[in-house]
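Coordinates as given in protein-v4.cif (mmCIF, C-alpha atoms):
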```cif
data_protein
#
loop_
_atom_site.group_PDB
_atom_site.id
_atom_site.type_symbol
_atom_site.label_atom_id
_atom_site.label_comp_id
_atom_site.auth_asym_id
_atom_site.auth_seq_id
_atom_site.Cartn_x
_atom_site.Cartn_y
_atom_site.Cartn_z
ATOM 1 C CA MET S 1 36.518 54.608 -12.710
ATOM 2 C CA SER S 2 34.511 53.950 -9.566
ATOM 3 C CA ILE S 3 31.629 51.565 -9.490
ATOM 4 C CA LYS S 4 28.754 52.248 -7.201
ATOM 5 C CA PRO S 5 25.846 49.972 -6.463
ATOM 6 C CA THR S 6 22.415 51.443 -7.064
ATOM 7 C CA ASN S 7 20.509 50.331 -4.021
ATOM 8 C CA ARG S 8 20.683 47.168 -2.037
ATOM 9 C CA ILE S 9 17.813 44.698 -2.453
ATOM 10 C CA PRO S 10 14.745 46.396 -0.967
ATOM 11 C CA PRO S 11 13.591 44.821 2.294
ATOM 12 C CA GLU S 12 10.142 44.063 0.849
ATOM 13 C CA ILE S 13 11.664 41.959 -1.933
ATOM 14 C CA ALA S 14 14.138 40.322 0.473
ATOM 15 C CA THR S 15 11.195 39.398 2.738
ATOM 16 C CA ILE S 16 9.286 37.814 -0.148
ATOM 17 C CA LEU S 17 12.394 35.858 -1.167
ATOM 18 C CA GLY S 18 12.852 34.655 2.421
ATOM 19 C CA ARG S 19 9.247 33.493 2.586
ATOM 20 C CA MET S 20 9.644 31.674 -0.733
ATOM 21 C CA ARG S 21 12.806 29.936 0.497
ATOM 22 C CA ARG S 22 11.101 28.820 3.711
ATOM 23 C CA GLY S 23 8.146 27.501 1.696
ATOM 24 C CA VAL S 24 10.453 25.525 -0.583
ATOM 25 C CA GLN S 25 12.346 24.142 2.422
ATOM 26 C CA ARG S 26 9.079 23.036 4.058
ATOM 27 C CA TYR S 27 8.086 21.300 0.836
ATOM 28 C CA PHE S 28 11.446 19.499 0.609
ATOM 29 C CA ILE S 29 11.320 18.428 4.275
ATOM 30 C CA ILE S 30 7.775 17.062 4.094
ATOM 31 C CA ASP S 31 8.352 15.333 0.758
ATOM 32 C CA GLY S 32 11.709 13.896 1.864
ATOM 33 C CA LEU S 33 10.437 12.635 5.220
ATOM 34 C CA LYS S 34 7.490 11.016 3.455
ATOM 35 C CA TYR S 35 9.858 8.924 1.345
ATOM 36 C CA VAL S 36 12.147 8.137 4.288
ATOM 37 C CA PHE S 37 9.298 6.838 6.472
ATOM 38 C CA ALA S 38 7.740 4.907 3.563
ATOM 39 C CA ILE S 39 11.063 3.160 2.841
ATOM 40 C CA LEU S 40 11.728 2.557 6.550
ATOM 41 C CA ILE S 41 8.336 0.885 7.023
ATOM 42 C CA ALA S 42 8.742 -1.135 3.801
ATOM 43 C CA LEU S 43 12.187 -2.357 4.899
ATOM 44 C CA ILE S 44 10.902 -3.349 8.334
ATOM 45 C CA VAL S 45 7.927 -5.239 6.873
ATOM 46 C CA LEU S 46 10.100 -6.949 4.252
ATOM 47 C CA ASP S 47 12.728 -7.947 6.816
ATOM 48 C CA PHE S 48 10.036 -9.228 9.186
ATOM 49 C CA LEU S 49 8.461 -11.352 6.415
ATOM 50 C CA ILE S 50 11.864 -12.755 5.383
ATOM 51 C CA ASP S 51 12.666 -13.546 9.012
ATOM 52 C CA ARG S 52 9.321 -15.361 9.452
ATOM 53 C CA THR S 53 9.773 -17.302 6.196
ATOM 54 C CA PHE S 54 13.460 -18.312 6.397
ATOM 55 C CA ARG S 55 15.781 -19.249 9.221
ATOM 56 C CA MET S 56 18.823 -16.980 8.880
ATOM 57 C CA ASP S 57 22.106 -17.252 10.702
ATOM 58 C CA PHE S 58 23.992 -14.333 12.255
ATOM 59 C CA ALA S 59 25.943 -13.432 9.095
ATOM 60 C CA GLN S 60 22.788 -13.306 6.968
ATOM 61 C CA ARG S 61 20.994 -11.147 9.516
ATOM 62 C CA LEU S 62 24.012 -8.837 9.681
ATOM 63 C CA ILE S 63 24.048 -8.529 5.882
ATOM 64 C CA MET S 64 20.299 -7.754 5.846
ATOM 65 C CA LEU S 65 20.786 -5.081 8.518
ATOM 66 C CA VAL S 66 23.746 -3.479 6.719
ATOM 67 C CA LEU S 67 21.882 -3.467 3.393
ATOM 68 C CA SER S 68 18.762 -1.982 4.997
ATOM 69 C CA VAL S 69 20.684 0.750 6.833
ATOM 70 C CA GLY S 70 22.724 1.491 3.703
ATOM 71 C CA TYR S 71 19.658 1.801 1.500
ATOM 72 C CA LEU S 72 17.833 3.914 4.080
ATOM 73 C CA SER S 73 20.887 6.194 4.316
ATOM 74 C CA PHE S 74 20.906 6.532 0.526
ATOM 75 C CA VAL S 75 17.207 7.504 0.565
ATOM 76 C CA VAL S 76 17.800 10.059 3.345
ATOM 77 C CA ILE S 77 20.644 11.673 1.404
ATOM 78 C CA ARG S 78 18.839 11.629 -1.955
ATOM 79 C CA SER S 79 15.340 12.576 -0.787
ATOM 80 C CA LEU S 80 16.069 14.876 2.131
ATOM 81 C CA PHE S 81 19.606 16.252 2.372
ATOM 82 C CA LYS S 82 20.331 16.725 -1.325
ATOM 83 C CA PRO S 83 17.211 18.846 -2.027
ATOM 84 C CA LEU S 84 17.753 20.870 1.160
ATOM 85 C CA MET S 85 21.392 21.560 0.280
ATOM 86 C CA SER S 86 20.593 22.716 -3.253
ATOM 87 C CA ARG S 87 20.758 26.470 -3.635
ATOM 88 C CA LEU S 88 17.889 28.007 -5.555
ATOM 89 C CA SER S 89 18.764 31.346 -7.053
ATOM 90 C CA ASP S 90 16.828 34.446 -6.115
ATOM 91 C CA ASP S 91 16.083 34.985 -9.807
ATOM 92 C CA ALA S 92 14.522 31.521 -10.192
ATOM 93 C CA LEU S 93 12.353 32.042 -7.112
ATOM 94 C CA MET S 94 11.240 35.463 -8.303
ATOM 95 C CA LEU S 95 10.426 34.208 -11.811
ATOM 96 C CA GLU S 96 8.358 31.357 -10.371
ATOM 97 C CA LEU S 97 6.522 33.808 -8.131
ATOM 98 C CA GLU S 98 5.774 36.126 -11.046
ATOM 99 C CA LYS S 99 4.604 33.214 -13.189
ATOM 100 C CA ALA S 100 2.262 32.031 -10.444
ATOM 101 C CA ASN S 101 0.806 35.483 -9.769
ATOM 102 C CA GLY S 102 0.682 36.693 -13.381
ATOM 103 C CA GLY S 103 0.146 40.179 -14.739
ATOM 104 C CA MET S 104 3.309 41.739 -13.308
ATOM 105 C CA ASN S 105 5.187 42.152 -16.587
ATOM 106 C CA GLU S 106 8.430 41.039 -14.907
ATOM 107 C CA ALA S 107 8.330 43.937 -12.456
ATOM 108 C CA LEU S 108 9.635 41.834 -9.565
ATOM 109 C CA ILE S 109 12.527 40.230 -11.420
ATOM 110 C CA SER S 110 13.486 43.599 -12.931
ATOM 111 C CA ALA S 111 13.462 45.221 -9.501
ATOM 112 C CA LEU S 112 15.568 42.414 -8.078
ATOM 113 C CA GLU S 113 18.141 42.477 -10.870
ATOM 114 C CA LEU S 114 18.394 46.256 -11.027
ATOM 115 C CA SER S 115 18.693 46.599 -7.252
ATOM 116 C CA ARG S 116 21.774 44.369 -7.385
ATOM 117 C CA MET S 117 23.284 46.092 -10.400
ATOM 118 C CA ARG S 118 26.558 47.949 -10.028
ATOM 119 C CA VAL S 119 26.747 51.063 -12.157
ATOM 120 C CA PRO S 120 30.049 52.774 -13.069
ATOM 121 C CA ASP S 121 30.130 56.578 -12.671
ATOM 122 C CA ASP S 122 30.697 57.135 -16.359
ATOM 123 C CA ALA S 123 27.975 54.680 -17.487
ATOM 124 C CA ASN S 124 25.280 55.962 -19.769
ATOM 125 C CA VAL S 125 22.535 54.700 -17.453
ATOM 126 C CA SER S 126 19.867 56.645 -15.651
ATOM 127 C CA ILE S 127 20.050 55.973 -11.943
ATOM 128 C CA GLU S 128 16.630 57.585 -11.581
ATOM 129 C CA MET S 129 15.127 55.115 -14.082
ATOM 130 C CA ILE S 130 16.664 52.204 -12.151
ATOM 131 C CA ASP S 131 15.262 53.584 -8.880
ATOM 132 C CA GLN S 132 11.780 53.944 -10.415
ATOM 133 C CA THR S 133 11.876 50.371 -11.738
ATOM 134 C CA VAL S 134 12.889 49.084 -8.316
ATOM 135 C CA LYS S 135 10.092 51.113 -6.679
ATOM 136 C CA ALA S 136 7.581 49.683 -9.175
ATOM 137 C CA GLY S 137 8.697 46.175 -8.233
ATOM 138 C CA VAL S 138 8.354 46.979 -4.544
ATOM 139 C CA PHE S 139 4.844 48.290 -5.256
ATOM 140 C CA HIS S 140 3.917 44.934 -6.865
ATOM 141 C CA VAL S 141 5.207 42.987 -3.864
ATOM 142 C CA GLU S 142 2.083 43.989 -1.943
ATOM 143 C CA ASP S 143 -0.068 42.107 -4.499
ATOM 144 C CA VAL S 144 1.976 38.900 -4.347
ATOM 145 C CA ASP S 145 0.447 35.721 -2.931
ATOM 146 C CA ILE S 146 3.249 33.310 -2.012
ATOM 147 C CA SER S 147 0.929 30.306 -1.742
ATOM 148 C CA SER S 148 0.031 30.596 -5.429
ATOM 149 C CA ALA S 149 3.593 29.579 -6.333
ATOM 150 C CA PHE S 150 3.154 26.200 -4.606
ATOM 151 C CA ARG S 151 0.885 23.308 -5.445
ATOM 152 C CA LEU S 152 -0.982 23.434 -2.167
ATOM 153 C CA LYS S 153 -3.094 20.332 -2.847
ATOM 154 C CA LYS S 154 0.044 18.257 -3.402
ATOM 155 C CA MET S 155 1.707 19.790 -0.324
ATOM 156 C CA ARG S 156 -1.344 18.973 1.813
ATOM 157 C CA LEU S 157 -1.522 15.438 0.422
ATOM 158 C CA ASN S 158 2.194 14.914 1.166
ATOM 159 C CA PHE S 159 1.667 16.251 4.690
ATOM 160 C CA TYR S 160 -1.280 13.898 5.329
ATOM 161 C CA ILE S 161 0.665 10.946 3.926
ATOM 162 C CA LEU S 162 3.611 11.835 6.188
ATOM 163 C CA ILE S 163 1.318 12.056 9.243
ATOM 164 C CA ALA S 164 -0.218 8.659 8.347
ATOM 165 C CA LEU S 165 3.212 7.062 7.906
ATOM 166 C CA VAL S 166 4.560 8.491 11.174
ATOM 167 C CA THR S 167 1.413 7.345 13.002
ATOM 168 C CA PHE S 168 1.722 3.869 11.474
ATOM 169 C CA PHE S 169 5.393 3.753 12.482
ATOM 170 C CA VAL S 170 4.728 4.875 16.074
ATOM 171 C CA VAL S 171 1.823 2.419 16.470
ATOM 172 C CA GLY S 172 4.069 -0.300 15.025
ATOM 173 C CA VAL S 173 6.830 0.488 17.514
ATOM 174 C CA PHE S 174 4.383 0.263 20.419
ATOM 175 C CA GLY S 175 2.971 -2.917 18.902
ATOM 176 C CA MET S 176 6.462 -4.392 18.703
ATOM 177 C CA ALA S 177 7.001 -3.777 22.374
ATOM 178 C CA ASN S 178 3.873 -5.781 23.265
ATOM 179 C CA ASN S 179 4.105 -8.597 20.686
ATOM 180 C CA ASP S 180 6.376 -11.595 21.123
ATOM 181 C CA TYR S 181 6.933 -12.098 17.378
ATOM 182 C CA PHE S 182 7.990 -8.500 16.856
ATOM 183 C CA ALA S 183 10.109 -8.484 19.996
ATOM 184 C CA LEU S 184 11.899 -11.604 18.793
ATOM 185 C CA TRP S 185 12.361 -10.096 15.312
ATOM 186 C CA TYR S 186 13.781 -6.883 16.856
ATOM 187 C CA LYS S 187 16.224 -8.818 19.035
ATOM 188 C CA ARG S 188 17.389 -11.030 16.171
ATOM 189 C CA ASN S 189 17.494 -8.622 13.234
ATOM 190 C CA VAL S 190 18.154 -5.201 14.755
ATOM 191 C CA LEU S 191 20.082 -5.984 17.941
ATOM 192 C CA LEU S 192 21.589 -9.128 16.310
ATOM 193 C CA GLN S 193 21.073 -11.179 19.476
ATOM 194 C CA ALA S 194 20.139 -14.853 19.763
#
```

As structure tokens:
Amino acid sequence: MSIKPTNRIPPEIATILGRMRRGVQRYFIIDGLKYVFAILIALIVLDFLIDRTFRMDFAQRLIMLVLSVGYLSFVVIRSLFKPLMSRLSDDALMLELEKANGGMNEALISALELSRMRVPDDANVSIEMIDQTVKAGVFHVEDVDISSAFRLKKMRLNFYILIALVTFFVVGVFGMANNDYFALWYKRNVLLQA
């Protein structure tokens, strides 16, 4: 008994899936970087305030640095790398796209699943019906709006927050270079000198 695939995934559906994946990756990157920069700035401010309030010796400053770097690494892994490494199935992406666009009666998911289906020669299945279902799904692809599957207001807000945090961080770095208190803090708590 030979098994033959019907058709491969149509290029129109593969293109939509690729665009969805890129959109999800952008969301994960922006959201993850937002948390990383927020934690980085919070750790710097907290460490600066502790350094100004207490006189710490070398071992205490080393412990603070190790704890800060460790926690920041944990946040990077949890908020950035872990979401980016997760594999979203094509089916889940297609279902979310259909839900967001509405009125497709599962034409896209049916086209995707049937285009991947392997049909034995002696199966009691109409290849023509499968081909028509796939073509109907491809027809609906033209009506799909990818942006409707994402919460654009939240994505924009996350992007603006990220830009504000990065700007604050960059201004802070330049401020550190020109301020004696920050320069001393940097030497003592980051470079572990003096």

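The spacing separating atom CA of Asp90 of chain S from atom CA of Gln25 of chain S amounts to 14.1 Å.
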
Atom CA of Ile44 of chain S to atom CA of Arg26 of chain S, distance in Å rounded to a single decimal: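 Interatomic distance here is 26.8 Å.
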
Between atom CA of Gly23 of chain S and atom CA of Arg8 of chain S - distance in Å to one decimal: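 Atom CA of Gly23 of chain S lies at a distance of 23.6 Å from atom CA of Arg8 of chain S.
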
Near segment 126-136 of chain S, within 7 Å and counting all atoms listed in the file, which residues show up once chain neighbours fewer than 2 positions away are dropped, as an mmCIF file with C-alpha atoms, in the coordinates of the input?
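See result.cif below for the written result:
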```
data_model
loop_
_atom_site.group_PDB
_atom_site.id
_atom_site.type_symbol
_atom_site.label_atom_id
_atom_site.label_comp_id
_atom_site.auth_asym_id
_atom_site.auth_seq_id
_atom_site.Cartn_x
_atom_site.Cartn_y
_atom_site.Cartn_z
ATOM 1 C CA ALA S 107 8.330 43.937 -12.456
ATOM 2 C CA ALA S 111 13.462 45.221 -9.501
ATOM 3 C CA LEU S 114 18.394 46.256 -11.027
ATOM 4 C CA SER S 115 18.693 46.599 -7.252
ATOM 5 C CA ASN S 124 25.280 55.962 -19.769
ATOM 6 C CA VAL S 138 8.354 46.979 -4.544
ATOM 7 C CA PHE S 139 4.844 48.290 -5.256
ATOM 8 C CA HIS S 140 3.917 44.934 -6.865
#
```

Selection result of the PyMOL selection byres ((chain S and resi 175-185) around 10) on this file, as a PyMOL selection string: chain S and resi 44+47-49+51-52+169-174+186-194

Pick from S:Arg78, S:Met117, S:Asp143, S:Ile161, whichever lies nearest to Gly103 of chain S using all atoms listed in the file: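 Of S:Arg78, S:Met117, S:Asp143, S:Ile161, the one nearest Gly103 of chain S, counting all atoms listed in the file, is S:Asp143.
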
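Within 9 Å of segment 66-71 of chain S there are Ile39, Leu40, Leu43, Ile44, Asp47, Arg61 and Val76 of chain S, counting only C-alpha atoms and ignoring same-chain residues fewer than 5 positions away.
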
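Between Gly32 of chain S and the candidates S:Ser110, S:Thr167, S:Asn101, S:Ser79, the tightest atom-to-atom separation, counting all atoms listed in the file, involves S:Ser79.
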
Pick from S:Leu33, S:Val75, S:Leu157, S:Ile109, whichever lies nearest to Leu97 of chain S using only C-alpha atoms: S:Ile109

Pick from S:Ala149, S:Ile163, S:Leu72, S:Ile13 nearest to Asp31 of chain S, counting all atoms listed in the file: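 That would be S:Ile163, the residue with the smallest distance to Asp31 of chain S.
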
Glu12 of chain S surroundings by only C-alpha atoms, 9 Å radius, close-in-sequence under 4 positions cut, as a PyMOL selection string: chain S and resi 16-17+138+141-142

Can I get the selection written as an mmCIF file, in the coordinates of the input, with C-alpha atoms?
```cif
data_model
loop_
_atom_site.group_PDB
_atom_site.id
_atom_site.type_symbol
_atom_site.label_atom_id
_atom_site.label_comp_id
_atom_site.auth_asym_id
_atom_site.auth_seq_id
_atom_site.Cartn_x
_atom_site.Cartn_y
_atom_site.Cartn_z
ATOM 1 C CA ILE S 16 9.286 37.814 -0.148
ATOM 2 C CA LEU S 17 12.394 35.858 -1.167
ATOM 3 C CA VAL S 138 8.354 46.979 -4.544
ATOM 4 C CA VAL S 141 5.207 42.987 -3.864
ATOM 5 C CA GLU S 142 2.083 43.989 -1.943
#
```

For Leu65 of chain S, the nearest of the candidates S:Val24, S:Leu46, S:Leu80, S:Ala38, counting all atoms listed in the file: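 Nearest to Leu65 of chain S: S:Leu46.
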
Around all listed atoms of segment 128-134 of chain S, padded 8 Å per side, what centre and edge lengths does the axis-aligned box have in Å to one decimal, as AutoDock Vina command-line options?
```
--center_x 14.2 --center_y 53.3 --center_z -11.2 --size_x 20.9 --size_y 24.5 --size_z 21.8
```
